[in-house]
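J.: Contents of structure_13.cif (mmCIF, C-alpha atoms):
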data_work
#
loop_
_atom_site.label_atom_id
_atom_site.label_comp_id
_atom_site.auth_asym_id
_atom_site.auth_seq_id
_atom_site.Cartn_x
_atom_site.Cartn_y
_atom_site.Cartn_z
CA MET A 166 0.00 0.00 0.00
CA ASN A 167 1.32 3.38 -0.97
CA ASN A 168 1.74 5.98 1.68
CA CYS A 169 0.29 9.20 0.29
CA TYR A 170 1.82 11.51 2.84
CA ASP A 171 5.39 11.48 3.96
CA PRO A 172 6.33 14.51 6.09
CA ASN A 173 10.00 13.92 5.46
CA GLN A 174 9.63 13.90 1.69
CA GLN A 175 10.31 17.16 -0.09
CA TRP A 176 7.74 18.27 -2.62
CA GLN A 177 9.10 17.70 -6.07
CA GLY A 178 6.34 19.25 -8.12
CA PHE A 179 6.62 21.70 -11.03
CA GLY A 180 9.81 20.04 -12.13
CA GLY A 181 11.77 21.95 -9.58
CA ASN A 182 13.93 20.87 -6.75
CA GLY A 183 11.35 21.50 -4.06
CA ASN A 184 12.74 24.93 -3.25
CA TYR A 185 10.79 26.76 -5.91
CA LEU A 186 9.20 29.33 -3.59
CA ASN A 187 12.30 30.90 -2.19
CA THR A 188 15.69 29.42 -2.59
CA ASN A 189 16.97 31.49 0.31
CA THR A 190 14.75 29.64 2.78
CA SER A 191 16.25 26.27 1.98
CA VAL A 192 18.37 24.78 4.69
CA PRO A 193 21.37 22.80 3.54
CA ASN A 194 21.23 19.13 4.44
CA THR A 195 24.66 19.29 6.00
CA PHE A 196 23.40 21.94 8.43
CA ARG A 197 20.31 19.93 9.30
CA GLN A 198 22.29 16.80 9.94
CA GLN A 199 24.73 18.49 12.29
CA MET A 200 24.20 17.40 15.86
CA PRO A 201 25.18 19.70 18.68
CA GLN A 202 28.61 18.59 19.78
CA PRO A 203 29.33 18.62 23.50
CA GLN A 204 31.82 21.37 24.16
CA PRO A 205 34.74 20.43 26.42
CA GLN A 206 34.30 22.21 29.71
CA PRO A 207 37.30 24.27 30.81
CA GLN A 208 38.92 22.63 33.80
CA ALA A 209 38.59 24.81 36.86
CA ILE A 210 41.62 25.41 39.04
CA ARG A 211 41.20 24.07 42.54
CA GLY A 212 42.61 26.02 45.44
CA ARG A 213 42.40 29.33 47.27
CA PHE A 214 44.44 32.30 48.41
CA VAL A 215 46.19 31.70 51.73
CA GLU A 216 47.87 33.89 54.34
CA ASN A 217 50.78 31.47 54.74
CA PRO A 218 51.63 27.91 53.69
CA GLN A 219 50.81 26.59 57.17
CA SER A 220 47.17 27.47 56.66
CA ILE A 221 46.84 24.92 53.84
CA THR A 222 45.31 21.85 55.48
CA PRO A 223 45.21 18.32 54.01
CA GLN A 224 41.46 18.76 53.68
CA ASP A 225 42.11 21.64 51.26
CA VAL A 226 44.02 19.41 48.85
CA PRO A 227 41.70 17.73 46.34
CA MET A 228 41.48 13.97 46.71
CA ASP A 229 40.43 13.33 43.12
CA GLY A 230 43.97 13.33 41.80
CA SER A 231 43.96 16.96 40.68
CA ILE A 232 46.38 19.62 41.88
CA GLY A 233 45.45 22.35 44.36
CA VAL A 234 46.87 25.82 43.70
CA TYR A 235 47.46 28.07 46.72
CA PRO A 236 48.87 31.53 46.06
CA ILE A 237 50.05 33.52 49.08
CA LYS A 238 47.95 36.66 49.47
CA ASP A 239 50.90 38.99 49.00
CA CYS A 240 51.84 37.06 45.83
CA SER A 241 55.26 36.20 47.26
CA ALA A 242 54.86 32.55 46.31
CA VAL A 243 52.47 29.98 44.91
CA TYR A 244 52.16 26.49 46.38
CA LEU A 245 50.98 23.50 44.38
CA LYS A 246 49.82 20.50 46.36
CA ALA A 247 48.66 17.06 45.30
CA TRP A 248 47.97 13.80 47.07
CA GLN A 249 50.40 11.03 46.24
CA GLN A 250 49.74 7.35 45.85
CA ASP A 251 51.43 6.58 49.17
CA GLY A 252 49.14 8.82 51.22
CA THR A 253 51.46 11.79 51.41
CA ILE A 254 51.04 15.25 49.92
CA LYS A 255 53.59 16.52 47.43
CA THR A 256 54.24 20.26 47.61
CA VAL A 257 55.92 22.40 44.98
CA LYS A 258 56.69 26.04 45.70
CA TYR A 259 56.86 28.61 42.91
CA ILE A 260 58.51 31.94 43.55
CA PRO A 261 57.73 34.75 41.11
CA GLU A 262 60.59 36.16 39.10
CA GLU A 263 60.24 39.82 38.31
CA SER A 264 61.02 40.68 34.74
CA VAL A 265 63.92 43.09 34.40
CA PRO A 266 64.13 45.09 31.17
CA GLU A 267 67.20 44.21 29.14
CA LEU A 268 69.90 46.85 29.18
CA LYS A 269 70.54 48.37 25.80
CA ARG A 270 74.23 47.75 25.74
CA LYS A 271 76.09 48.41 22.54
CA VAL A 272 78.65 45.80 21.74
CA THR A 273 81.89 47.31 20.47
CA THR A 274 83.15 45.45 17.46
CA LEU A 275 86.62 45.43 15.92
CA GLU A 276 85.29 47.48 13.01
CA ASP A 277 84.09 50.16 15.43
CA LEU A 278 87.55 50.33 16.99
CA GLU A 279 89.24 50.59 13.58
CA GLU A 280 86.90 53.40 12.60
CA ARG A 281 87.65 55.24 15.83
CA VAL A 282 91.40 54.87 15.29
CA LYS A 283 91.04 56.19 11.73
CA LYS A 284 89.10 59.19 12.98
CA LEU A 285 91.75 59.88 15.60
CA GLU A 286 94.49 59.56 12.99
CA THR A 287 92.80 62.00 10.60
CA SER A 288 92.13 64.51 13.35
CA ALA A 289 95.75 64.21 14.51
CA ARG A 290 96.99 64.73 10.96
CA LYS A 291 94.78 67.78 10.53
CA SER A 292 95.95 69.31 13.78
CA SER A 293 99.63 68.65 12.96
CA LYS A 294 99.13 70.17 9.49
CA LYS A 295 97.54 73.23 11.01
CA LYS A 296 100.46 73.53 13.38
CA GLU A 297 102.92 73.33 10.50
CA ASP A 298 101.01 75.96 8.55
CA THR A 299 100.98 78.41 11.44
CA GLU A 300 104.74 77.87 11.98
CA ASP A 301 105.39 78.50 8.27
CA GLU A 302 103.37 81.71 8.33
CA SER A 303 105.24 83.00 11.28
CA MET B 1180 29.65 -13.09 48.38
CA ASN B 1181 31.17 -12.30 51.73
CA LEU B 1182 30.86 -9.06 53.63
CA GLU B 1183 34.27 -7.79 52.52
CA GLN B 1184 33.46 -8.25 48.84
CA TRP B 1185 30.05 -6.68 49.31
CA ALA B 1186 31.58 -3.64 51.00
CA LEU B 1187 34.21 -3.33 48.28
CA ASN B 1188 31.60 -3.52 45.53
CA LEU B 1189 29.51 -0.92 47.29
CA ILE B 1190 32.48 1.43 47.61
CA SER B 1191 33.65 0.82 44.04
CA GLN B 1192 30.21 1.64 42.65
CA ASN B 1193 30.12 5.00 44.41
CA PRO B 1194 30.64 7.62 41.66
CA ASN B 1195 32.89 9.66 43.94
CA ILE B 1196 35.18 6.66 44.28
CA ALA B 1197 34.79 5.42 40.71
CA ASN B 1198 35.89 8.79 39.32
CA ASN B 1199 38.71 9.20 41.80
CA PRO B 1200 42.05 7.79 40.60
CA ARG B 1201 43.58 7.90 44.09
CA ALA B 1202 40.69 5.98 45.62
CA GLN B 1203 40.88 3.45 42.82
CA GLU B 1204 44.52 2.82 43.65
CA TYR B 1205 43.66 2.28 47.32
CA ILE B 1206 40.87 -0.13 46.39
CA LYS B 1207 43.27 -2.09 44.22
CA ILE B 1208 45.62 -2.43 47.18
CA ILE B 1209 42.75 -3.71 49.35
CA GLN B 1210 41.68 -6.13 46.62
CA ASN B 1211 45.22 -7.43 46.25
CA GLY B 1212 45.40 -8.01 49.98
CA ASP B 1213 48.70 -6.16 50.25
CA SER B 1214 48.44 -5.49 53.98
CA LYS B 1215 51.98 -4.13 54.27
CA LYS B 1216 51.39 -1.52 51.58
CA GLY B 1217 47.98 -0.73 53.07
CA GLU B 1218 49.46 -0.16 56.50
CA GLU B 1219 52.18 2.05 55.02
CA ILE B 1220 49.59 4.21 53.24
CA ALA B 1221 47.40 4.34 56.35
CA ASN B 1222 50.35 5.48 58.45
CA ASN B 1223 51.24 8.13 55.88
CA LEU B 1224 47.65 9.34 55.79
CA CYS B 1225 47.61 9.61 59.60
CA GLN B 1226 50.85 11.54 59.52
CA THR B 1227 49.60 13.87 56.77
CA TYR B 1228 46.39 14.58 58.63
CA GLY B 1229 48.37 15.01 61.85
CA MET B 1230 46.53 12.39 63.86
CA SER B 1231 47.56 9.28 65.71
CA LYS B 1232 46.75 5.77 64.56
CA GLU B 1233 44.45 5.32 67.56
CA ASP B 1234 42.54 8.51 66.78
CA ALA B 1235 42.14 7.44 63.16
CA ILE B 1236 40.78 4.03 64.19
CA ALA B 1237 38.40 5.69 66.65
CA ASN B 1238 37.19 8.11 63.95
CA ALA B 1239 36.70 5.27 61.47
CA LYS B 1240 34.71 3.26 64.03
CA LYS B 1241 32.57 6.28 64.75
CA PHE B 1242 32.02 6.89 61.03
CA PHE B 1243 30.95 3.31 60.34
CA GLY B 1244 28.95 3.09 63.57
CA VAL B 1245 30.98 0.18 64.91
#
Please express what this file holds, its structure, as structure tokens.
T.:
Amino acid sequence: MNNCYDPNQQWQGFGGNGNYLNTNTSVPNTFRQQMPQPQPQPQAIRGRFVENPQSITPQDVPMDGSIGVYPIKDCSAVYLKAWQQDGTIKTVKYIPEESVPELKRKVTTLEDLEERVKKLETSARKSSKKKEDTEDES
Amino acid sequence: MNLEQWALNLISQNPNIANNPRAQEYIKIIQNGDSKKGEEIANNLCQTYGMSKEDAIANAKKFFGV
């Protein structure tokens, strides 16, 4: 028995492609078939700001295998803590390193020195020539 | 199935335990019956939490209602 109505079937009448009314309203099949992909959730950092490292208790350290991050309030250091397989807590301390701007030091090359010597020589020659000229005049 | 296996199954099926790699490692040690390793970990845990072995046992008994 033929099924007269199929809601999924596009109308193919008038020799067209089924989009005869307005081609702009057609939705590409590829778009229709796309399923919403689950977006990976950004992993949150576990931890909190602390006054001092002594105030970090074992209860603060996550037991799920992740690392707890504990910056000191004055930003003098950051402690990373994680439970180990043997029931101990491993602690790593990070101390911030302040960035110092690089000094703009000019490196003196051999060519620079040669140029300087040449300049000195020419100026010495000029001065000696001037001296000779003044002596001749007198 | 004895009580020990039942308890282990119950713990293993807990999503908090099932998704916890550390807990999984501890369960494996219990399942393997490595009592020496288990005692070592228990002692380390007591030391990390800053409590004595006796206090830990008392707390565990209280928790399980023994």
J.: I need the chain A residues near chain B as a PDB file with C-alpha atoms, keeping the file's coordinate frame; criterion: at most 6 Å, counting all atoms listed in the file.
T.:
ATOM      1  CA  ASP A 229      40.430  13.330  43.120  1.00  0.00           C
ATOM      2  CA  GLY A 230      43.970  13.330  41.800  1.00  0.00           C
ATOM      3  CA  ASP A 251      51.430   6.580  49.170  1.00  0.00           C
ATOM      4  CA  GLY A 252      49.140   8.820  51.220  1.00  0.00           C
ATOM      5  CA  THR A 253      51.460  11.790  51.410  1.00  0.00           C
TER       6      THR A 253
END
J.: Quick check, in Å to one decimal: how far apart do CA of Pro236 (chain A) and CA of Gln219 (chain A) lie?
T.: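 So the answer is 12.3 Å.
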J.: Return the single residue from A:Lys255, A:Lys238, A:Lys271, A:Lys246 that is closest to Arg211 (chain A), with distances computed using only C-alpha atoms.
T.: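 Comparing A:Lys255, A:Lys238, A:Lys271, A:Lys246 against Arg211 (chain A), the winner is A:Lys246.
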J.: Provide the CA of Pro266 (chain A) to CA of Tyr244 (chain A) distance in Å, to one decimal place.
T.: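 The value is 26.8 Å.
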J.: What separation in Å, quoted to one decimal, exists between CA of Gln224 (chain A) and CA of Ser1231 (chain B)?
T.: 16.5 Å
